[in-house]
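This report refers to the structure that appears directly beneath it.
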Amino acid sequence: MDSISATKGKAYPPGVHVPCLTWFSNSADQEIDWDLQKTHIEFLIRSGLDGVVIAGTNGEAVTLTTAERSQLVKTTREIAAQVGRPNIAITAGTSGQCTRDVIAETRVAKEAGADYVLALTPSYFHFAMDRNAIVCFFEELADASPLPVLIYNFPGVVAGLDVNSEMLDRLAKHPNIVGVKLTCGGIAKVARVAAQYEPEEFSALAGQSDWLVPALSVGGTGVITGVANLYPKVCMQIYDLYTSGKVKEAESLQLKLAQMEWGFAQGGINGTKWVVAKLRGYPMESCECRRPYPKYDNKSKHLWIMQVVEQLAAAEETMGSRGANGADQEATCTA
C-alpha cells in the first residue's frame, strides 16, 4: 500500500458510531427539548458506543442553526465527562452550501469540542458540481479545517452527487481527510479503499448497520448507524463478534438486524424518532421532526413500524455492557 504523509490527521476510530437524533419541543417555534436531548445523549454515551455524531442526517442537520449545533456538541462533551467517558469521539456534521460556510462550521465545531467533522457535498448547484468540483471542495475544506475530515457520501440527499472510487483515491491522499461514510451502500468502494490504504491512513465505514458484516468482511472499519439510537448493544455486538473471530454468530445477528432495520429505512427520520420515543418511553410530544418534515401520525404506520422494530427489543435488553477489551461482558446472540 502507498505511504501517506506523516502529517496525516488522526485516524477515525473504528467501531460503532451513532448519528444522534435531535429532539424538539411541541411548540410553534420547535426549540430543542434540552431535557430530553440530554437524556438521550447520556443513554447513547453510557451504552458503550465508540462515537457520537452530532448534526448528521438523523439529527436533522439542515434545520439546525450554527448556535444549536455548537451547543449540541458542547452538551455532548459535557455529558461524556460527567459519565466517565470524556474522550469518546464526537463528530460534527456539516451542511453548508458553500465552501466558506462549511469551513466556518468546522471552526465552530472545533471550539465546541468536536474531534472530527462529517462533510456532505454541497448540492444546491448540483448541475455545476462535476467530479473535479466535488474533489476540489473537499480538498479546500481539508486544507482549512482545524479538524480531520470524514467524507459523507450520501447521494440520496445531495441530488444524486456521488464520490466514486477514483475520487476517494485522490482524496485519501490528503493529510487531513481520514475516511468516508458510505450511505450509498457502496460495498465495492469499501473493498477498494481497504485494498489501497491502511485504516490508520484512510478508512471506510458503512452508512447503515444492515450491511455491517459485509463491510467488515472486505476491510471496513465500522458503521455510523441510526439504529444505534435504539439498539446500540445489538450493533456493538455484531461488530465485537465479527472482530473477535465469531463470524457465524455475527452473521446470524446481522440477519436479524437487517430485518428490523427495514422499519427505520421505510419509516424515515420521523418514523425513526416516533419508534425510538415509543420504545424508550420518551415524551411523544417531542418526537416530531422540525417542519416542514411531515408528522408520523398514521396509526397503521405506527402499528407496522412497531411490529418490525420491536422484534430486537428483547435481545437488546439481555446484552451486557462492553468490557474493557471491547467485547460484551455477557455476550449473547439470541434474539
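Ligands are numbered from 1 in the order shown, residues from 1 within each chain, and chains are lettered A, B, ... in the order they appear in the C-alpha cells.
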Residue contacts of Met167 of chain A (12 Å, only C-alpha atoms) excluding same-chain residues fewer than 2 positions away, as a PyMOL selection string: chain A and resi 130-139+151+153+162-165+169-174+180+189+192-193
Residues as selected, N, CA, C and O atoms, written as an mmCIF file, in the first residue's frame, can you do that?
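File written: again_10.cif
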```
data_model
loop_
_atom_site.group_PDB
_atom_site.id
_atom_site.type_symbol
_atom_site.label_atom_id
_atom_site.label_comp_id
_atom_site.auth_asym_id
_atom_site.auth_seq_id
_atom_site.Cartn_x
_atom_site.Cartn_y
_atom_site.Cartn_z
ATOM 1 N N ASP A 130 -19.399 18.970 -10.956
ATOM 2 C CA ASP A 130 -18.818 17.802 -11.605
ATOM 3 C C ASP A 130 -17.789 17.170 -10.671
ATOM 4 O O ASP A 130 -17.580 17.637 -9.536
ATOM 5 N N ARG A 131 -17.139 16.120 -11.134
ATOM 6 C CA ARG A 131 -16.200 15.397 -10.266
ATOM 7 C C ARG A 131 -15.091 16.293 -9.745
ATOM 8 O O ARG A 131 -14.726 16.227 -8.568
ATOM 9 N N ASN A 132 -14.557 17.123 -10.616
ATOM 10 C CA ASN A 132 -13.458 17.986 -10.196
ATOM 11 C C ASN A 132 -13.915 18.993 -9.145
ATOM 12 O O ASN A 132 -13.196 19.275 -8.178
ATOM 13 N N ALA A 133 -15.124 19.533 -9.312
ATOM 14 C CA ALA A 133 -15.640 20.498 -8.343
ATOM 15 C C ALA A 133 -15.826 19.854 -6.971
ATOM 16 O O ALA A 133 -15.539 20.470 -5.931
ATOM 17 N N ILE A 134 -16.315 18.623 -6.964
ATOM 18 C CA ILE A 134 -16.526 17.922 -5.699
ATOM 19 C C ILE A 134 -15.189 17.653 -5.006
ATOM 20 O O ILE A 134 -15.022 17.919 -3.803
ATOM 21 N N VAL A 135 -14.219 17.154 -5.758
ATOM 22 C CA VAL A 135 -12.905 16.874 -5.177
ATOM 23 C C VAL A 135 -12.262 18.156 -4.659
ATOM 24 O O VAL A 135 -11.705 18.189 -3.550
ATOM 25 N N CYS A 136 -12.349 19.217 -5.445
ATOM 26 C CA CYS A 136 -11.753 20.488 -5.023
ATOM 27 C C CYS A 136 -12.414 21.026 -3.759
ATOM 28 O O CYS A 136 -11.747 21.621 -2.904
ATOM 29 N N PHE A 137 -13.735 20.821 -3.638
ATOM 30 C CA PHE A 137 -14.423 21.244 -2.417
ATOM 31 C C PHE A 137 -13.822 20.555 -1.199
ATOM 32 O O PHE A 137 -13.482 21.208 -0.198
ATOM 33 N N PHE A 138 -13.707 19.228 -1.247
ATOM 34 C CA PHE A 138 -13.195 18.505 -0.085
ATOM 35 C C PHE A 138 -11.730 18.845 0.193
ATOM 36 O O PHE A 138 -11.323 18.939 1.358
ATOM 37 N N GLU A 139 -10.939 19.056 -0.842
ATOM 38 C CA GLU A 139 -9.529 19.402 -0.622
ATOM 39 C C GLU A 139 -9.386 20.789 -0.007
ATOM 40 O O GLU A 139 -8.582 20.985 0.914
ATOM 41 N N ILE A 151 -15.439 12.203 4.884
ATOM 42 C CA ILE A 151 -16.323 12.443 3.750
ATOM 43 C C ILE A 151 -17.648 11.724 3.996
ATOM 44 O O ILE A 151 -17.670 10.571 4.422
ATOM 45 N N ASN A 153 -20.675 10.410 1.972
ATOM 46 C CA ASN A 153 -21.192 10.149 0.642
ATOM 47 C C ASN A 153 -22.621 9.623 0.732
ATOM 48 O O ASN A 153 -22.843 8.452 1.030
ATOM 49 N N ASP A 162 -22.275 11.781 -6.363
ATOM 50 C CA ASP A 162 -21.604 10.613 -5.794
ATOM 51 C C ASP A 162 -20.089 10.809 -5.807
ATOM 52 O O ASP A 162 -19.521 11.297 -6.791
ATOM 53 N N VAL A 163 -19.457 10.448 -4.708
ATOM 54 C CA VAL A 163 -17.992 10.434 -4.649
ATOM 55 C C VAL A 163 -17.558 9.022 -5.008
ATOM 56 O O VAL A 163 -17.703 8.098 -4.207
ATOM 57 N N ASN A 164 -17.044 8.843 -6.216
ATOM 58 C CA ASN A 164 -16.718 7.494 -6.669
ATOM 59 C C ASN A 164 -15.332 7.053 -6.208
ATOM 60 O O ASN A 164 -14.614 7.796 -5.518
ATOM 61 N N SER A 165 -14.931 5.851 -6.578
ATOM 62 C CA SER A 165 -13.681 5.274 -6.073
ATOM 63 C C SER A 165 -12.452 6.047 -6.521
ATOM 64 O O SER A 165 -11.489 6.191 -5.761
ATOM 65 N N ASP A 169 -9.842 7.824 -3.986
ATOM 66 C CA ASP A 169 -8.410 7.531 -4.021
ATOM 67 C C ASP A 169 -7.598 8.817 -3.958
ATOM 68 O O ASP A 169 -6.590 8.910 -3.255
ATOM 69 N N ARG A 170 -8.032 9.818 -4.696
ATOM 70 C CA ARG A 170 -7.324 11.109 -4.662
ATOM 71 C C ARG A 170 -7.490 11.788 -3.304
ATOM 72 O O ARG A 170 -6.522 12.272 -2.709
ATOM 73 N N LEU A 171 -8.707 11.812 -2.797
ATOM 74 C CA LEU A 171 -8.964 12.497 -1.528
ATOM 75 C C LEU A 171 -8.290 11.811 -0.351
ATOM 76 O O LEU A 171 -7.898 12.466 0.622
ATOM 77 N N ALA A 172 -8.137 10.497 -0.436
ATOM 78 C CA ALA A 172 -7.492 9.754 0.655
ATOM 79 C C ALA A 172 -6.043 10.175 0.863
ATOM 80 O O ALA A 172 -5.482 9.974 1.944
ATOM 81 N N LYS A 173 -5.456 10.752 -0.131
ATOM 82 C CA LYS A 173 -4.056 11.174 -0.030
ATOM 83 C C LYS A 173 -3.887 12.495 0.712
ATOM 84 O O LYS A 173 -2.780 12.878 1.062
ATOM 85 N N HIS A 174 -5.007 13.192 0.935
ATOM 86 C CA HIS A 174 -4.910 14.463 1.662
ATOM 87 C C HIS A 174 -4.618 14.190 3.132
ATOM 88 O O HIS A 174 -5.260 13.338 3.751
ATOM 89 N N VAL A 180 -14.291 7.835 4.928
ATOM 90 C CA VAL A 180 -15.550 8.098 4.250
ATOM 91 C C VAL A 180 -16.665 7.276 4.882
ATOM 92 O O VAL A 180 -16.484 6.108 5.215
ATOM 93 N N LYS A 189 -16.800 -0.017 -2.909
ATOM 94 C CA LYS A 189 -15.942 1.103 -2.521
ATOM 95 C C LYS A 189 -15.182 0.774 -1.244
ATOM 96 O O LYS A 189 -14.012 1.123 -1.090
ATOM 97 N N ARG A 192 -12.307 -1.406 -2.237
ATOM 98 C CA ARG A 192 -11.240 -0.704 -2.947
ATOM 99 C C ARG A 192 -10.444 0.202 -2.019
ATOM 100 O O ARG A 192 -9.227 0.325 -2.151
ATOM 101 N N VAL A 193 -11.128 0.835 -1.056
ATOM 102 C CA VAL A 193 -10.409 1.639 -0.069
ATOM 103 C C VAL A 193 -9.470 0.759 0.757
ATOM 104 O O VAL A 193 -8.296 1.078 0.960
#
```
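Atom CA of Ile45 of chain A sits 8.1 Å away from atom CA of Ile79 of chain A.
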DSSP-assigned strand (DSSP E) members of segment 39-154 of chain A, reported as number ranges by chain: A: 51-54, 89-94, 116-120, 149-153
Long-range neighbours of Cys235 of chain A as a compact mmCIF listing (two decimals) with N, CA and C atoms, in the first residue's frame, 7 Å cut-off, only C-alpha atoms, 5 positions minimum in chain:
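Final output, saved to selection-v1.txt:
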```txt
# COMPACT_ATOMS: atom_id res chain seq x y z
N VAL A 16 -18.57 1.34 16.26
CA VAL A 16 -19.96 1.74 16.02
C VAL A 16 -20.19 3.17 16.53
N SER A 209 -26.36 -0.11 9.42
CA SER A 209 -25.89 -1.30 10.12
C SER A 209 -26.37 -2.59 9.47
N ALA A 228 -28.50 2.63 16.15
CA ALA A 228 -27.88 2.69 17.48
C ALA A 228 -28.56 3.69 18.40
```
Test item, alpha helix (DSSP H) assignment across segment 56-198 of chain A, answer as number ranges by chain: A: 66-82, 99-112, 131-144, 165-172, 187-196
Pick from A:Trp211, A:Trp23, A:Tyr152, A:Tyr293 nearest to Gln254 of chain A, counting only C-alpha atoms: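 With only C-alpha atoms as the atom set, the closest residue is A:Trp211.
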Residue neighbourhood Leu241 of chain A, 7 Å, only C-alpha atoms, exclusion window fewer than 6 positions, as a count of residues only: 3
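Near segment 271-285 of chain A, within 7 Å and counting only C-alpha atoms, sit Asn26, Leu230, Phe264, Gly267, Gly268, Ile269, Cys287, Tyr296 and Met306 of chain A, not including residues fewer than 2 positions from it in the same chain.
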Next, write the just-selected residues to a file, as a JSON list (two decimals), in the first residue's frame, keeping C-alpha atoms as the atom set.
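So the final result, stored in result-v5.json, reads:
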```
[["chain", "number", "residue", "atom", "x", "y", "z"],
["A", 26, "ASN", "CA", -44.08, 20.60, 20.61],
["A", 230, "LEU", "CA", -32.43, 2.47, 19.90],
["A", 264, "PHE", "CA", -36.02, 2.54, 10.11],
["A", 267, "GLY", "CA", -40.15, 4.92, 8.45],
["A", 268, "GLY", "CA", -37.81, 7.77, 7.59],
["A", 269, "ILE", "CA", -36.48, 10.17, 10.20],
["A", 287, "CYS", "CA", -40.83, 13.15, 18.71],
["A", 296, "TYR", "CA", -45.58, 10.48, 11.52],
["A", 306, "MET", "CA", -43.67, -1.26, 15.97]]
```
Pairwise distance for atom CA of Ala188 of chain A and atom CA of Gly219 of chain A, rounded to one decimal in Å: 10.4 Å
